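Source file: my_file.tsv. Holds: TSV, C-alpha atoms.
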```tsv
chain	number	residue	atom	x	y	z
A	1	MET	CA	-11.34	68.91	-70.56
A	2	SER	CA	-9.10	69.18	-67.51
A	3	ALA	CA	-11.82	67.74	-65.35
A	4	VAL	CA	-12.37	64.91	-67.79
A	5	ASN	CA	-8.65	64.22	-68.00
A	6	ASN	CA	-8.31	64.29	-64.20
A	7	HIS	CA	-11.25	61.95	-63.84
A	8	ALA	CA	-9.78	59.57	-66.42
A	9	ALA	CA	-6.39	59.65	-64.70
A	10	THR	CA	-8.00	58.98	-61.33
A	11	GLN	CA	-9.98	56.10	-62.78
A	12	ASN	CA	-6.87	54.63	-64.37
A	13	LEU	CA	-5.04	54.93	-61.07
A	14	LYS	CA	-7.88	53.19	-59.26
A	15	ASP	CA	-7.94	50.42	-61.84
A	16	THR	CA	-4.18	50.05	-61.62
A	17	VAL	CA	-4.29	49.83	-57.83
A	18	ALA	CA	-7.31	47.53	-57.82
A	19	ASN	CA	-5.92	45.20	-60.46
A	20	GLY	CA	-2.21	45.62	-59.82
A	21	PRO	CA	0.20	43.08	-58.40
A	22	VAL	CA	-0.14	44.44	-54.86
A	23	ALA	CA	-3.92	44.09	-54.96
A	24	GLU	CA	-3.67	40.64	-56.47
A	25	LYS	CA	-1.21	39.61	-53.79
A	26	ALA	CA	-3.48	40.97	-51.06
A	27	LYS	CA	-6.49	39.19	-52.52
A	28	ALA	CA	-4.54	35.94	-52.76
A	29	GLU	CA	-3.35	36.22	-49.15
A	30	ALA	CA	-6.86	37.04	-47.93
A	31	SER	CA	-8.30	34.08	-49.81
A	32	ALA	CA	-5.58	31.74	-48.49
A	33	THR	CA	-6.12	32.97	-44.94
A	34	LYS	CA	-9.87	32.45	-45.25
A	35	ASN	CA	-9.34	28.93	-46.56
A	36	GLU	CA	-6.94	28.09	-43.74
A	37	PHE	CA	-9.38	29.28	-41.10
A	38	ALA	CA	-12.11	27.23	-42.78
A	39	ASP	CA	-9.82	24.18	-42.76
A	40	LEU	CA	-9.02	24.79	-39.10
A	41	ALA	CA	-12.72	24.99	-38.27
A	42	ASN	CA	-13.43	21.80	-40.21
A	43	SER	CA	-10.74	19.95	-38.25
A	44	ARG	CA	-12.97	19.89	-35.16
A	45	THR	CA	-13.69	16.18	-35.29
A	46	THR	CA	-13.42	13.51	-32.61
A	47	PRO	CA	-10.04	11.75	-32.93
A	48	ASP	CA	-10.03	8.09	-33.93
A	49	GLN	CA	-7.62	7.17	-31.15
A	50	PRO	CA	-9.44	7.19	-27.78
A	51	ALA	CA	-7.95	7.77	-24.36
A	52	ALA	CA	-6.26	5.02	-22.35
A	53	THR	CA	-9.56	4.32	-20.63
A	54	GLY	CA	-11.26	3.71	-23.98
A	55	GLN	CA	-13.50	6.77	-23.86
A	56	PRO	CA	-13.55	9.09	-26.89
A	57	LEU	CA	-11.78	12.44	-26.81
A	58	THR	CA	-13.31	15.82	-27.66
A	59	HIS	CA	-13.10	17.58	-30.99
A	60	TYR	CA	-10.99	20.27	-29.34
A	61	HIS	CA	-8.13	17.75	-29.17
A	62	SER	CA	-7.93	17.67	-32.95
A	63	LEU	CA	-8.52	21.43	-33.21
A	64	PHE	CA	-5.69	22.42	-30.86
A	65	TYR	CA	-3.39	19.81	-32.37
A	66	ARG	CA	-4.06	21.25	-35.84
A	67	LEU	CA	-3.64	24.79	-34.55
A	68	LEU	CA	-0.34	24.25	-32.72
A	69	SER	CA	1.17	22.02	-35.42
A	70	TRP	CA	1.35	25.00	-37.83
A	71	ARG	CA	-0.28	23.08	-40.66
A	72	ASN	CA	-2.20	26.27	-41.36
A	73	PRO	CA	0.54	28.87	-40.81
A	74	ARG	CA	-1.58	31.94	-41.51
A	75	ALA	CA	-4.38	30.88	-39.17
A	76	THR	CA	-1.91	29.82	-36.46
A	77	GLY	CA	0.13	33.01	-36.80
A	78	LEU	CA	-2.93	35.24	-36.58
A	79	SER	CA	-4.20	33.28	-33.58
A	80	PHE	CA	-0.81	33.73	-31.89
A	81	VAL	CA	-0.80	37.49	-32.53
A	82	ALA	CA	-4.40	37.78	-31.32
A	83	ALA	CA	-3.56	35.92	-28.09
A	84	VAL	CA	-0.54	38.17	-27.42
A	85	LEU	CA	-2.57	41.32	-28.12
A	86	PHE	CA	-5.33	40.09	-25.82
A	87	ILE	CA	-2.82	39.58	-22.99
A	88	PHE	CA	-1.40	43.09	-23.42
A	89	ALA	CA	-4.90	44.55	-23.68
A	90	ALA	CA	-5.93	42.83	-20.47
A	91	ARG	CA	-2.77	44.15	-18.82
A	92	TYR	CA	-2.73	47.77	-19.98
A	93	LEU	CA	-6.38	48.42	-20.86
A	94	ASN	CA	-9.21	48.47	-18.36
A	95	VAL	CA	-11.54	46.46	-20.57
A	96	PHE	CA	-14.30	46.20	-18.00
A	97	ARG	CA	-14.32	49.98	-17.51
A	98	TYR	CA	-14.53	50.56	-21.26
A	99	LEU	CA	-17.41	48.12	-21.49
A	100	LEU	CA	-19.28	50.01	-18.80
A	101	LYS	CA	-18.55	53.25	-20.61
A	102	ALA	CA	-19.94	51.86	-23.86
A	103	VAL	CA	-23.09	50.75	-22.01
A	104	TRP	CA	-23.85	54.12	-20.41
A	105	VAL	CA	-23.00	56.06	-23.56
A	106	THR	CA	-25.32	53.86	-25.64
A	107	LEU	CA	-28.17	54.04	-23.15
A	108	GLY	CA	-27.78	57.79	-22.67
A	109	THR	CA	-27.75	58.42	-26.41
A	110	THR	CA	-30.86	56.34	-27.08
A	111	ALA	CA	-32.75	57.87	-24.14
A	112	ALA	CA	-31.81	61.42	-25.15
A	113	ALA	CA	-32.80	60.82	-28.78
A	114	GLU	CA	-36.15	59.40	-27.73
A	115	LEU	CA	-36.93	62.32	-25.42
A	116	ALA	CA	-35.77	64.91	-27.96
A	117	GLY	CA	-37.97	63.42	-30.65
A	118	GLN	CA	-41.03	63.35	-28.39
A	119	VAL	CA	-40.51	66.99	-27.42
A	120	THR	CA	-39.86	68.32	-30.93
A	121	ILE	CA	-41.93	66.25	-33.34
A	122	GLY	CA	-44.05	64.21	-30.98
A	123	LYS	CA	-42.33	60.94	-31.91
A	124	GLY	CA	-39.21	59.50	-30.44
A	125	PHE	CA	-36.23	58.99	-32.72
A	126	THR	CA	-35.08	55.76	-31.08
A	127	SER	CA	-38.49	54.09	-31.32
A	128	GLN	CA	-38.45	54.70	-35.08
A	129	PHE	CA	-35.53	52.25	-35.42
A	130	ARG	CA	-37.10	49.62	-33.19
A	131	PRO	CA	-37.36	46.29	-35.05
A	132	ARG	CA	-40.68	44.64	-35.59
A	133	GLN	CA	-39.46	41.59	-33.69
A	134	TYR	CA	-36.66	41.43	-31.17
A	135	PHE	CA	-33.73	39.19	-31.85
A	136	THR	CA	-33.76	35.80	-30.09
A	137	VAL	CA	-31.32	32.92	-30.00
A	138	GLN	CA	-32.61	29.86	-31.78
A	139	LYS	CA	-32.81	26.66	-29.82
A	140	ALA	CA	-30.59	24.79	-32.28
A	141	SER	CA	-27.93	27.51	-32.09
A	142	LEU	CA	-28.12	27.54	-28.30
A	143	GLU	CA	-27.78	23.76	-28.15
A	144	ARG	CA	-24.75	23.87	-30.45
A	145	PHE	CA	-23.22	26.59	-28.31
A	146	THR	CA	-23.77	24.72	-25.04
A	147	GLU	CA	-22.43	21.52	-26.61
A	148	ASP	CA	-19.34	23.40	-27.77
A	149	ILE	CA	-18.83	24.82	-24.28
A	150	GLU	CA	-19.19	21.32	-22.84
A	151	GLN	CA	-16.58	19.97	-25.26
A	152	PHE	CA	-14.23	22.85	-24.41
A	153	ILE	CA	-14.49	22.25	-20.66
A	154	ASN	CA	-14.15	18.48	-21.02
A	155	PHE	CA	-11.00	19.01	-23.09
A	156	PHE	CA	-9.20	20.51	-20.08
A	157	VAL	CA	-10.77	18.00	-17.67
A	158	ILE	CA	-9.67	14.98	-19.73
A	159	GLU	CA	-6.21	16.37	-20.48
A	160	SER	CA	-5.53	17.12	-16.82
A	161	GLN	CA	-6.43	13.54	-15.87
A	162	ARG	CA	-4.32	12.11	-18.70
A	163	ILE	CA	-1.37	14.13	-17.40
A	164	VAL	CA	-1.93	13.17	-13.76
A	165	PHE	CA	-2.26	9.44	-14.50
A	166	ALA	CA	0.77	9.48	-16.84
A	167	GLU	CA	-0.91	8.31	-20.02
A	168	ASN	CA	2.08	9.86	-21.76
A	169	VAL	CA	4.96	9.93	-19.30
A	170	TYR	CA	6.94	12.50	-21.29
A	171	THR	CA	4.02	14.90	-21.23
A	172	THR	CA	3.71	14.38	-17.49
A	173	ILE	CA	7.42	15.08	-17.00
A	174	ALA	CA	7.23	18.22	-19.14
A	175	THR	CA	4.21	19.44	-17.19
A	176	PHE	CA	6.02	18.72	-13.94
A	177	PHE	CA	8.99	20.89	-14.93
A	178	ALA	CA	6.66	23.61	-16.23
A	179	SER	CA	4.73	23.71	-12.95
A	180	LEU	CA	7.97	23.64	-10.93
A	181	ILE	CA	9.46	26.55	-12.88
A	182	THR	CA	6.18	28.45	-12.64
A	183	TYR	CA	6.16	27.91	-8.88
A	184	PHE	CA	9.44	29.81	-8.56
A	185	LEU	CA	8.73	32.37	-11.30
A	186	ILE	CA	5.42	33.47	-9.82
A	187	LYS	CA	7.36	35.10	-6.98
A	188	PHE	CA	8.94	37.56	-9.42
A	189	VAL	CA	6.82	37.52	-12.61
A	190	PRO	CA	3.19	38.78	-12.66
A	191	VAL	CA	0.35	36.65	-13.91
A	192	TRP	CA	0.14	38.40	-17.28
A	193	GLY	CA	3.86	37.79	-17.78
A	194	LEU	CA	3.42	34.09	-17.05
A	195	ALA	CA	0.50	33.98	-19.49
A	196	LEU	CA	2.67	35.65	-22.14
A	197	ILE	CA	5.51	33.17	-21.56
A	198	ALA	CA	3.12	30.21	-21.71
A	199	THR	CA	1.56	31.51	-24.95
A	200	ASN	CA	4.98	31.93	-26.59
A	201	ILE	CA	6.05	28.43	-25.56
A	202	ALA	CA	2.76	26.88	-26.70
A	203	PHE	CA	2.91	28.47	-30.16
A	204	LEU	CA	6.63	28.82	-30.84
A	205	GLY	CA	7.76	25.54	-29.26
A	206	PRO	CA	6.12	23.32	-31.91
A	207	LEU	CA	7.33	25.70	-34.66
A	208	ILE	CA	10.94	25.42	-33.49
A	209	TYR	CA	10.60	21.65	-33.33
A	210	ILE	CA	9.13	21.47	-36.85
A	211	GLN	CA	11.88	23.67	-38.29
A	212	ASN	CA	14.66	21.63	-36.61
A	213	LYS	CA	12.98	18.23	-36.45
A	214	GLU	CA	15.94	16.13	-37.64
A	215	VAL	CA	18.47	17.69	-35.28
A	216	ILE	CA	16.11	17.57	-32.27
A	217	ASP	CA	15.10	13.96	-33.00
A	218	ALA	CA	18.76	12.92	-33.27
A	219	GLN	CA	19.57	14.55	-29.93
A	220	LEU	CA	16.49	13.03	-28.32
A	221	GLU	CA	17.41	9.58	-29.63
A	222	LYS	CA	20.95	9.96	-28.34
A	223	GLY	CA	19.64	11.03	-24.94
A	224	TYR	CA	17.20	8.10	-24.95
A	225	HIS	CA	20.03	5.63	-25.61
A	226	LEU	CA	22.19	7.15	-22.87
A	227	ALA	CA	19.29	7.04	-20.43
A	228	ASN	CA	18.57	3.44	-21.44
A	229	GLN	CA	22.18	2.41	-20.89
A	230	GLN	CA	22.27	4.16	-17.55
A	231	ALA	CA	19.03	2.46	-16.56
A	232	ASN	CA	20.46	-0.95	-17.54
A	233	GLN	CA	23.57	-0.30	-15.47
A	234	LEU	CA	21.48	0.73	-12.49
A	235	ARG	CA	19.28	-2.32	-13.00
A	236	ASP	CA	22.29	-4.66	-13.07
A	237	LEU	CA	23.82	-2.98	-10.04
A	238	ALA	CA	20.53	-3.22	-8.17
A	239	ALA	CA	20.19	-6.92	-9.11
A	240	GLU	CA	23.77	-7.63	-7.96
A	241	THR	CA	23.27	-5.73	-4.72
A	242	THR	CA	19.98	-7.49	-4.12
A	243	GLY	CA	21.58	-10.89	-4.76
A	244	ASN	CA	24.42	-10.18	-2.34
A	245	ALA	CA	22.03	-8.89	0.27
A	246	THR	CA	19.80	-11.95	-0.19
A	247	ALA	CA	22.75	-14.32	0.17
A	248	SER	CA	24.00	-12.51	3.26
A	249	LEU	CA	20.53	-12.50	4.78
A	250	LYS	CA	20.10	-16.19	4.00
A	251	GLY	CA	23.45	-17.04	5.64
A	252	MET	CA	22.64	-14.97	8.72
A	253	THR	CA	19.20	-16.55	8.92
A	254	GLN	CA	20.65	-20.06	8.79
A	255	GLN	CA	23.27	-19.17	11.37
A	256	TYR	CA	20.80	-17.65	13.81
A	257	THR	CA	18.39	-20.54	13.21
A	258	ALA	CA	21.09	-23.06	14.16
A	259	LYS	CA	22.00	-21.08	17.28
A	260	ALA	CA	18.36	-20.85	18.26
A	261	GLN	CA	17.93	-24.61	17.76
A	262	ASP	CA	20.97	-25.36	19.91
A	263	THR	CA	19.67	-23.03	22.60
A	264	ILE	CA	16.29	-24.73	22.56
A	265	ASN	CA	17.89	-28.18	22.75
A	266	GLN	CA	20.06	-27.13	25.67
A	267	TYR	CA	17.03	-25.68	27.41
A	268	ARG	CA	15.13	-28.93	27.05
A	269	GLY	CA	18.08	-30.96	28.18
A	270	ARG	CA	18.17	-33.12	25.10
A	271	SER	CA	21.85	-32.56	24.50
A	272	SER	CA	22.99	-34.32	27.83
A	273	SER	CA	20.08	-36.54	29.01
A	274	PRO	CA	19.09	-39.82	27.34
A	275	GLU	CA	15.87	-39.89	25.47
A	276	VAL	CA	12.90	-40.86	27.53
A	277	LYS	CA	11.32	-44.06	26.29
A	278	ARG	CA	7.67	-44.83	26.23
A	279	GLU	CA	8.01	-47.93	28.36
A	280	ASP	CA	9.33	-45.89	31.30
A	281	PHE	CA	5.91	-44.46	32.01
A	282	PRO	CA	3.35	-46.62	33.99
A	283	THR	CA	0.35	-47.93	32.18
A	284	ALA	CA	-2.78	-46.04	32.94
A	285	PRO	CA	-5.67	-48.12	34.39
A	286	ARG	CA	-8.34	-49.01	31.90
A	287	ASP	CA	-11.15	-50.15	34.32
A	288	GLU	CA	-13.42	-47.64	35.88
A	289	PRO	CA	-13.18	-47.46	39.71
A	290	VAL	CA	-16.00	-49.13	41.67
A	291	GLY	CA	-18.10	-46.62	43.50
A	292	VAL	CA	-18.19	-46.98	47.36
A	293	THR	CA	-21.55	-46.37	48.93
A	294	THR	CA	-21.53	-44.86	52.36
A	295	GLN	CA	-24.54	-45.10	54.71
A	296	GLU	CA	-25.15	-42.47	57.25
A	297	PRO	CA	-25.46	-43.78	60.88
A	298	ILE	CA	-29.02	-44.03	62.10
A	299	ALA	CA	-29.58	-42.02	65.21
A	300	PRO	CA	-31.19	-44.01	68.13
A	301	LYS	CA	-34.80	-43.42	68.86
A	302	PRO	CA	-35.44	-41.29	71.94
A	303	VAL	CA	-36.65	-43.19	74.99
A	304	ALA	CA	-39.36	-41.65	77.09
A	305	GLU	CA	-38.37	-41.03	80.71
A	306	PRO	CA	-40.83	-42.05	83.52
A	307	ALA	CA	-42.77	-39.28	85.10
A	308	LEU	CA	-42.14	-38.57	88.75
```

Can the structure in the file be given as structure tokens, please?
Amino acid sequence: MSAVNNHAATQNLKDTVANGPVAEKAKAEASATKNEFADLANSRTTPDQPAATGQPLTHYHSLFYRLLSWRNPRATGLSFVAAVLFIFAARYLNVFRYLLKAVWVTLGTTAAAELAGQVTIGKGFTSQFRPRQYFTVQKASLERFTEDIEQFINFFVIESQRIVFAENVYTTIATFFASLITYFLIKFVPVWGLALIATNIAFLGPLIYIQNKEVIDAQLEKGYHLANQQANQLRDLAAETTGNATASLKGMTQQYTAKAQDTINQYRGRSSSPEVKREDFPTAPRDEPVGVTTQEPIAPKPVAEPAL
């Protein structure tokens, strides 16, 4: 009876834990997290708005936008934690060494089991678990994988060009300051530290903006108006300075042109001598000159002298 009572109590406890509020909450959170990851995966579609050149963007543009906008908070939070853990693991764990260790342990175990089976029972233990057909990657799966890799690479290629050619000038300015700060920080902060800082900014920056959107937008609008007013003042000052410089240059040009004209007139003697009229020059002859023929003198014929 004690055993039966203990078994019944254990079963009731299991049912209470399995169907209690904590279990229901855990199941609800797991289901919500699964749905958010499914929604995040389904968001990988080509955006309707193309680039400035008219070419379509990649589906990773919509995926990263959905991920960093915190529309799926559970999926974004877990992705953020996974990225931070990966950075620390790459820093403090020798992942490549552990991979090599797993390889030699696996190969040594399978080889030892095969040899032990052949020695003891005449059949290897490892060969008994060999599948009838080795696993292969299907062509359709491989094509989807390569296409996904192509989209992932083109995402960074397109975004870098959009930043360089200032498709969104604010993004270009932000990237400029980020690269400038990184240039000075890399002298003191290691690469993994920079990666950790960049990950925190990429994930927490949009979250801070979403939580304080009204205040940040008001400050940005105020800064935009101040910058616009300052730009108008600079534009007016530049226009006034340009007008004054143009007027001064025009006056100096006219003055130097007049001086140059006077100098040229004095050089030609037009300021003191009367103008030369056309009638003062003699009229050029219009008839062609008659050719004079000259005849060479004819030498006298030699006269024969008498012989002695």

Interatomic distance (Å, one decimal) between atom CA of Gly124 of chain A and atom CA of Ala111 of chain A: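 Computed distance, atom CA of Gly124 of chain A to atom CA of Ala111 of chain A, equals 9.2 Å.
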
Expected residue set, 10 Å radius at (-17.2, 12.3, -26.8), only C-alpha atoms, as a PDB file with C-alpha atoms, in the coordinates of the input:
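This went into part27.pdb:
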```pdb
ATOM      1  CA  THR A  45     -13.690  16.180 -35.290  1.00  0.00           C
ATOM      2  CA  THR A  46     -13.420  13.510 -32.610  1.00  0.00           C
ATOM      3  CA  PRO A  47     -10.040  11.750 -32.930  1.00  0.00           C
ATOM      4  CA  PRO A  50      -9.440   7.190 -27.780  1.00  0.00           C
ATOM      5  CA  GLN A  55     -13.500   6.770 -23.860  1.00  0.00           C
ATOM      6  CA  PRO A  56     -13.550   9.090 -26.890  1.00  0.00           C
ATOM      7  CA  LEU A  57     -11.780  12.440 -26.810  1.00  0.00           C
ATOM      8  CA  THR A  58     -13.310  15.820 -27.660  1.00  0.00           C
ATOM      9  CA  HIS A  59     -13.100  17.580 -30.990  1.00  0.00           C
ATOM     10  CA  GLN A 151     -16.580  19.970 -25.260  1.00  0.00           C
ATOM     11  CA  ASN A 154     -14.150  18.480 -21.020  1.00  0.00           C
ATOM     12  CA  PHE A 155     -11.000  19.010 -23.090  1.00  0.00           C
TER      13      PHE A 155
END
```

Shell of 12 Å around Val191 of chain A, all atoms listed in the file, local chain residues under 5 positions omitted, as a list in words: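 Near Val191 of chain A, the qualifying residues are Ile87, Phe88, Ala90, Arg91, Thr182, Tyr183, Leu185, Ile186, Leu196, Ile197 and Ala198 of chain A.
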
For atom CA of Glu167 of chain A and atom CA of His61 of chain A, the interatomic separation in Å (one decimal):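 If I compute the distance from atom CA of Glu167 of chain A to atom CA of His61 of chain A, I get 15.0 Å.
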
Two-atom distance - atom CA of Gln161 of chain A, atom CA of Ala178 of chain A (Å):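 Spanning atom CA of Gln161 of chain A to atom CA of Ala178 of chain A is a straight-line distance of 16.5 Å.
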
Among listed residues A:Lys123, A:His225, A:Lys250, A:Arg71, nearest Leu40 of chain A (using all atoms listed in the file):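 Of A:Lys123, A:His225, A:Lys250, A:Arg71, the one nearest Leu40 of chain A is A:Arg71, counting all atoms listed in the file.
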
Contacts of Arg74 of chain A within 10 Å, only C-alpha atoms, excl. fewer than 2 positions in-chain, as an MDAnalysis selection string: chainID A and resid 29:30 32:37 70:72 76:80

With 4 Å of padding per side, what axis-aligned box (centre and edge lengths, Å, one decimal) covers all the listed atoms of segment 209-217 of chain A? Give it as AutoDock Vina command-line options.
```
--center_x 13.8 --center_y 18.8 --center_z -35.3 --size_x 17.3 --size_y 17.7 --size_z 14.0
```

Which polymer residues, protein or nucleic acid, are no farther than 8 Å from (-32.9, 55.4, -31.0), counting all atoms listed in the file, as an mmCIF file with C-alpha atoms, keeping the file's coordinate frame?
```cif
data_model
loop_
_atom_site.group_PDB
_atom_site.id
_atom_site.type_symbol
_atom_site.label_atom_id
_atom_site.label_comp_id
_atom_site.auth_asym_id
_atom_site.auth_seq_id
_atom_site.Cartn_x
_atom_site.Cartn_y
_atom_site.Cartn_z
ATOM 1 C CA THR A 109 -27.750 58.420 -26.410
ATOM 2 C CA THR A 110 -30.860 56.340 -27.080
ATOM 3 C CA ALA A 111 -32.750 57.870 -24.140
ATOM 4 C CA ALA A 113 -32.800 60.820 -28.780
ATOM 5 C CA GLU A 114 -36.150 59.400 -27.730
ATOM 6 C CA GLY A 124 -39.210 59.500 -30.440
ATOM 7 C CA PHE A 125 -36.230 58.990 -32.720
ATOM 8 C CA THR A 126 -35.080 55.760 -31.080
ATOM 9 C CA SER A 127 -38.490 54.090 -31.320
ATOM 10 C CA GLN A 128 -38.450 54.700 -35.080
ATOM 11 C CA PHE A 129 -35.530 52.250 -35.420
ATOM 12 C CA ARG A 130 -37.100 49.620 -33.190
#
```

Nearest candidate to Ala75 of chain A (options A:Arg162, A:Ala52, A:Phe203, A:Tyr170; using only C-alpha atoms): A:Phe203
